[in-house]
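Visitor: Quick one: structure below, then a few questions.
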Protein chains: 2
Amino acid sequence: MAHFLLSDDQLPTAWFNVLPRLGAEIQPPLHPGTKEPVSPDDLAPLFPNALIEQEMSSAPWIDIPGEVIDILKLWRPTPLVRAERLERELGTPARIYFKDEAVSPAGSHKPNTAVAQAFYNRQEGVRRLTTETGAGQWGSSLAFACAQFDLECKVYMVRASFNQKPYRKAMMELWGADVVPSPVDDESHPGSLGAAISDAVRDALSRDDSHYALGSVLNHVLLHQTLIGLEAKEQLALAGEVRPDVVLSSCGGGSNLGGIAFPFVEDQAVRLVAVEPTSCPTLTEGTFDYDFGDAAGMTPLLPMYTLGHDFVPPSIHAGGLRYHGDSPIISKLVKDGRMEACAYPQGKVFEAAVQFARAEGRIPAPEAAHAVRAAIDEALAAKQAGQERVILINLSGHGHLDLSAYDDFIHGRLIDA
Amino acid sequence: MAHFLLSDDQLPTAWFNVLPRLGAEIQPPLHPGTKEPVSPDDLAPLFPNALIEQEMSSAPWIDIPGEVIDILKLWRPTPLVRAERLERELGTPARIYFKDEAVSPAGSHKPNTAVAQAFYNRQEGVRRLTTETGAGQWGSSLAFACAQFDLECKVYMVRASFNQKPYRKAMMELWGADVVPSPVDDESHPGSLGAAISDAVRDALSRDDSHYALGSVLNHVLLHQTLIGLEAKEQLALAGEVRPDVVLSSCGGGSNLGGIAFPFVEDQAVRLVAVEPTSCPTLTEGTFDYDFGDAAGMTPLLPMYTLGHDFVPPSIHAGGLRYHGDSPIISKLVKDGRMEACAYPQGKVFEAAVQFARAEGRIPAPEAAHAVRAAIDEALAAKQAGQERVILINLSGHGHLDLSAYDDFIHGRLIDA
């Protein structure tokens with residue numbers, strides 16, 4: 001058997017909170033003006049109380065509301081698949097398992113938190129959410145989630161993506177979102193994620209009926225993603241595995257990696273590895289420091305690895321990994337030596353993605369392909385060492401809307417940044 | 001519970017052959033030159049013996065080779081899902097179940113037969129397959145299947161699609177296929193499915209190492225698709241249903257409809273319904289007669305409903321339903337009154353698709369959306385009649401590569417053909 005499936009009544013009923021399991025408290029975010037620790041009141045204009053509480057909670061488990069579970073069940077639990085054909089091709093004694101988060105409505109892990117965020121906002125009377133999106137994965141996930149709770153959704157999309165990615169825009173509009181190019185005040189500007197965050201935050205602050213939603217980095221976002229690792233744990237047991245030897249995933253802001261890795265953090269026998277692009281090497285070459293979450297310096301300062309909030313990474317196809325900073329929790333785990341980090345250039349990543357798509361049939365998103373690359377290398381290392389090794393990765397999204405990137409790779413037009 | 005899952009060792013091990021269950025023998029195909037019934041020898045230059053035998057077999061069940069099962073297990077059994085959120089929105093006492101064939105590598109039901117065809121060709125020493133593709137679903141499925149058996153794959157893609165659908169072309173190339181625009185001998189011609197069939201057949205006939213593969217219409221193709229209905233039967237039983245009251249699916253050449261409907265054909269209490277576009281109303285307005293499978297008159301004549309082999313349907317987005325003819329088996333079932341047929345205009349189809357995508361999260365391909373439209377109308381009829389009714393549909397593919405069509409619909413640019 002290669003597919004390990006859970007029925008929808010086996011969906012976990014609580015999220016795994018890693019905060020009280022880190023050994024030490026995480027440093028607080030600082031107010032961008034005063035540089036003092038932010039208070040819940042500082043965050044209230046942007047987020048509902050329930051999420052602000054989750055951001056700082058020390059409870060080991062946090063119950064998932066029934067209404068959230070009802071919607072997650074549209075696609076969860078997601079399959080855990082053993083990549084047997086890939087293993088055979090590599091001739092490795094390693095066993096490679098991937099968690100297939102690509103089966104969600106928007107095609108990635110992002111709806112896991114979008115649904116929860118939409119629910120809590122709706123519960124506290126908010127009628128409208130604003131957000132930014134670059135490649136479009138997060139914007140389409142929030143659009144889907146807002147459609148489930150009859151919330152209006154306004155997405156500020158980086159102008160260059162708005163013009164180049166009509167499919168992602170169509171997906172957001174299909175779910176009822178209003179999508180506009182950003183920056184809104186300069187039609188000649190190609191835009192940036194930092195500028196789009198500023199547009200979305202400014203919009204939310206200007207209206208009483210609106211809040212803002214973020215798709216990664218923050219503690220509550222990573223909390224909502226822990227369903228991935230919780231399910232995978234159950235599924236590995238079904239497969240007869242005691243534990244994975246290594247859990248690998250791509251890392252941009254950290255939400256898909258945190259989602260699959262956190263539930264394994266207390267088991268020191270499990271290696272945890274972040275995989276990033278060499279063109280945006282936050283964990284492998286950045287500095288651990290307080291820095292702004294956005295380019296313009298409007299957000300609180302977060303304690304994290306950063307390349308500097310004014311760092312502009314090259315335009316690689318894994319748009320979701322082009323972030324100057326990282327989740328404070330992921331950053332702490334790396335700093336403390338509990339998590340490793342490695343980086344790959346784009347060309348090596350697409351090479352692995354094509355090998356995976358031919359062997360396993362699934363076409364990984366460029367972001368997810370970073371995990372595939374690292375898994376293949378881990379499996380080849382196991383072969384060289386003559387070791388059985390259990391490798392768990394998160395296939396965080398499909399590449400159906402990234403096929404032009406594959407086209408560039410196949411025809412030798414991909415820049416190997 | 002809304003998802004009914006089978007484990008991969010519950011995959012059926014034999015295909016369901018409807019031919020000996022039709023009550024009377026089906027009329028034979030006729031040679032395009034002599035107008036005499038074709039012999040196996042006539043078909044040998046194009047197809048392997050195993051498929052020619054299946055085309056005419058009277059065995060009630062045909063074993064699936066282990067090597068084919070190994071590959072089908074990459075995504076099969078596919079989920080059966082109850083559309084509870086859609087039901088609630090419609091306020092219907094009907095229960096709507098959809099079989100999700102969109103989870104396959106190429107995103108539709110087409111790989112079910114592509115894998116089998118590639119296997120039998122490889123087994124008989126063929127090294128290379130040729131085919132045509134319009135929208136690209138079939139071409140990408142065959143490309144995937146050929147990659148599994150180290151076969152070369154040459155796809156003649158209708159030139160207009162070749163230019164307008166770079167994503168589908170990239171998907172085929174990702175799986176190693178060689179894709180060229182058709183017609184090959186006239187660069188100024190936008191192409192047609194008929195012309196592309198001619199190109200692919202001519203190529204296969206000109207080389208000793210090559211055969212031709214067809215993605216619908218023929219008996220062996222529909223045979224391979226019966227896994228859909230066989231699995232659905234098991235899954236409905238898991239859901240506690242005795243039988244579906246009605247099985248609905250979109251119909252172009254008939255393969256996805258046949259796949260889900262045939263295993264229910266002997267139970268007269270189950271209504272079977274073909275759903276087609278009003279712009280290409282083969283079953284609802286065509287004539288039952290012998291006609292060519294292609295535009296140029298190179299293929300055998302088939303006994304089927306047809307709009308005439310020179311009929312050119314308008315350019316609707318459901319490219320997979322733009323076929324002048326239909327499967328001879330489907331045609332016979334309709335002629336004999338065992339199967340009903342209905343037709344919808346494109347605008348009503350997209351309206352249903354958007355409603356489905358908002359309620360259930362999955363974005364249907366324009367072809368599959370025809371089934372969704374008919375299911376919604378069936379559920380509303382059940383509501384009006386105050387009847388519980390069990391509706392089974394095939395969600396034959398996802399619409400990720402058809403989002404420009406949704407964009408047209410949302411912005412009022414869709415022609416309601």
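In the structure tokens, chains take letters A, B, ... by order of appearance, with residues numbered from 1 within each chain and ligands from 1 in the order shown.
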So which residues of segment 23-91 of chain A fall under alpha helix (DSSP H) by DSSP, listed as a list in words?
Guide: Pro40, Asp41, Asp42, Leu43, Asn49, Ala50, Leu51, Ile52, Glu53, Gln54, Glu55, Met56, Gly66, Glu67, Val68, Ile69, Asp70, Ile71, Leu72, Glu84, Arg85, Leu86, Glu87, Arg88, Glu89 and Leu90 of chain A
Visitor: Just to be explicit: take each residue in the selection above, keep C-alpha atoms, and write the result as an mmCIF file, in the first residue's frame.
Guide:
data_model
loop_
_atom_site.group_PDB
_atom_site.id
_atom_site.type_symbol
_atom_site.label_atom_id
_atom_site.label_comp_id
_atom_site.auth_asym_id
_atom_site.auth_seq_id
_atom_site.Cartn_x
_atom_site.Cartn_y
_atom_site.Cartn_z
ATOM 1 C CA PRO A 40 -2.867 43.024 22.570
ATOM 2 C CA ASP A 41 -4.489 46.479 22.200
ATOM 3 C CA ASP A 42 -1.885 47.455 19.626
ATOM 4 C CA LEU A 43 -2.946 44.507 17.472
ATOM 5 C CA ASN A 49 -9.065 38.827 19.908
ATOM 6 C CA ALA A 50 -9.117 35.075 19.452
ATOM 7 C CA LEU A 51 -6.125 35.240 17.101
ATOM 8 C CA ILE A 52 -4.261 37.713 19.309
ATOM 9 C CA GLU A 53 -4.699 35.293 22.201
ATOM 10 C CA GLN A 54 -3.472 32.386 20.087
ATOM 11 C CA GLU A 55 -0.448 34.450 19.076
ATOM 12 C CA MET A 56 0.724 34.480 22.697
ATOM 13 C CA GLY A 66 -16.628 22.923 14.823
ATOM 14 C CA GLU A 67 -17.471 25.396 12.050
ATOM 15 C CA VAL A 68 -13.808 25.424 11.010
ATOM 16 C CA ILE A 69 -13.634 21.634 11.048
ATOM 17 C CA ASP A 70 -16.765 21.442 8.865
ATOM 18 C CA ILE A 71 -15.020 23.389 6.121
ATOM 19 C CA LEU A 72 -11.603 21.776 6.494
ATOM 20 C CA GLU A 84 7.645 4.101 -4.009
ATOM 21 C CA ARG A 85 8.270 4.684 -7.705
ATOM 22 C CA LEU A 86 10.673 7.520 -6.932
ATOM 23 C CA GLU A 87 12.472 5.368 -4.321
ATOM 24 C CA ARG A 88 12.863 2.579 -6.872
ATOM 25 C CA GLU A 89 14.262 4.992 -9.446
ATOM 26 C CA LEU A 90 16.771 6.334 -6.920
#
Visitor: May I ask you to extract the residues of chain A within 7 Å of chain B, using only C-alpha atoms, and to give them as a list of chain:residue names?
Guide: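 Matching residues, ligands excluded from the count: A:Met1, A:His3, A:Asp8, A:Asp9, A:Leu74, A:Pro105, A:Ala147, A:Tyr167, A:Ala170, A:Met171, A:Leu174, A:Trp175, A:Val354, A:Arg358, A:Glu360, A:Gly361, A:Arg362, A:His400, A:Leu403, A:Ser404, A:Tyr406, A:Asp407.
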Visitor: For Val372 of chain A, please output as a PyMOL selection string all residues within 8 Å (counting only C-alpha atoms; exclusion window: fewer than 5 positions along the same chain).
Guide: chain A and resi 349+352-353+356+393+395
Visitor: With only C-alpha atoms as the counted atoms, please give the residues lying no more than 6 Å from segment 273-276 of chain A, apart from itself and same-chain residues fewer than 4 positions off, as a PDB file with C-alpha atoms, in the first residue's frame.
Guide:
ATOM      1  CA  LEU A 248      11.942  18.353   5.506  1.00  0.00           C
ATOM      2  CA  SER A 249      10.050  21.234   4.015  1.00  0.00           C
ATOM      3  CA  SER A 250      10.460  24.409   2.038  1.00  0.00           C
ATOM      4  CA  CYS A 251      10.653  27.595   4.053  1.00  0.00           C
ATOM      5  CA  MET A 339      16.359  22.701  13.289  1.00  0.00           C
ATOM      6  CA  GLU A 340      18.805  22.599  10.377  1.00  0.00           C
ATOM      7  CA  ALA A 341      18.639  24.756   7.269  1.00  0.00           C
ATOM      8  CA  CYS A 342      19.921  24.267   3.741  1.00  0.00           C
ATOM      9  CA  ALA A 343      19.563  26.115   0.436  1.00  0.00           C
TER      10      ALA A 343
END
Visitor: Could you tell me which of A:Met157, A:Glu101, A:Leu392, A:Arg322 comes closest to Glu241 of chain A if we count only C-alpha atoms?
Guide: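 Closest candidate: A:Leu392.
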Visitor: Point out the residue among A:Ala318, A:Ala232, A:Ala135, A:Ala375 with the least atom-to-atom distance to Asn163 of chain A, counting only C-alpha atoms.
Guide: A:Ala135
Visitor: With a distance cut-off of 6 Å and only C-alpha atoms, select the neighbouring residues of Met304 of chain A, excluding the residue or stretch itself and same-chain residues fewer than 4 positions from it, and output the selection as an MDAnalysis selection string.
Guide: chainID A and resid 288:289 326 328 331
Visitor: For the selection you just gave me, I'd like the residues written to a file as a tab-separated table (two decimals), in the first residue's frame, keeping C-alpha atoms.
Guide:
chain	number	residue	atom	x	y	z
A	288	PHE	CA	19.21	36.87	13.78
A	289	ASP	CA	17.85	40.26	14.83
A	326	ASP	CA	11.11	34.23	8.77
A	328	PRO	CA	10.12	33.87	14.89
A	331	SER	CA	14.10	31.27	13.64
Visitor: Neighbours of segment 306-313 of chain A within 6 Å (only C-alpha atoms; same-chain residues fewer than 6 positions away dropped), as a PDB file with C-alpha atoms, in the first residue's frame?
Guide:
ATOM      1  CA  CYS A 280      16.793  34.292  -0.640  1.00  0.00           C
ATOM      2  CA  THR A 282      17.245  33.916   5.170  1.00  0.00           C
ATOM      3  CA  GLY A 286      20.774  35.970   7.303  1.00  0.00           C
ATOM      4  CA  THR A 287      21.325  37.549  10.716  1.00  0.00           C
ATOM      5  CA  ALA A 295       9.446  46.660   3.513  1.00  0.00           C
ATOM      6  CA  HIS A 324      13.427  38.662   3.715  1.00  0.00           C
ATOM      7  CA  GLY A 325      12.501  37.361   7.171  1.00  0.00           C
TER       8      GLY A 325
END
Visitor: Just want the 8 Å neighbourhood of segment 382-384 of chain A, counted on only C-alpha atoms, with same-chain residues fewer than 6 positions away dropped. Output as a PDB file with N, CA and C atoms, in the first residue's frame.
Guide:
ATOM      1  N   GLY A  91      16.972   3.977  -6.341  1.00  0.00           N
ATOM      2  CA  GLY A  91      17.674   2.803  -5.818  1.00  0.00           C
ATOM      3  C   GLY A  91      18.095   2.981  -4.362  1.00  0.00           C
ATOM      4  N   THR A  92      17.241   3.643  -3.610  1.00  0.00           N
ATOM      5  CA  THR A  92      17.598   3.966  -2.227  1.00  0.00           C
ATOM      6  C   THR A  92      16.899   3.043  -1.229  1.00  0.00           C
ATOM      7  N   PRO A  93      17.568   2.738  -0.134  1.00  0.00           N
ATOM      8  CA  PRO A  93      16.891   1.994   0.941  1.00  0.00           C
ATOM      9  C   PRO A  93      16.001   2.905   1.799  1.00  0.00           C
ATOM     10  N   ALA A  94      16.032   4.214   1.515  1.00  0.00           N
ATOM     11  CA  ALA A  94      15.198   5.153   2.286  1.00  0.00           C
ATOM     12  C   ALA A  94      13.740   5.008   1.871  1.00  0.00           C
TER      13      ALA A  94
END
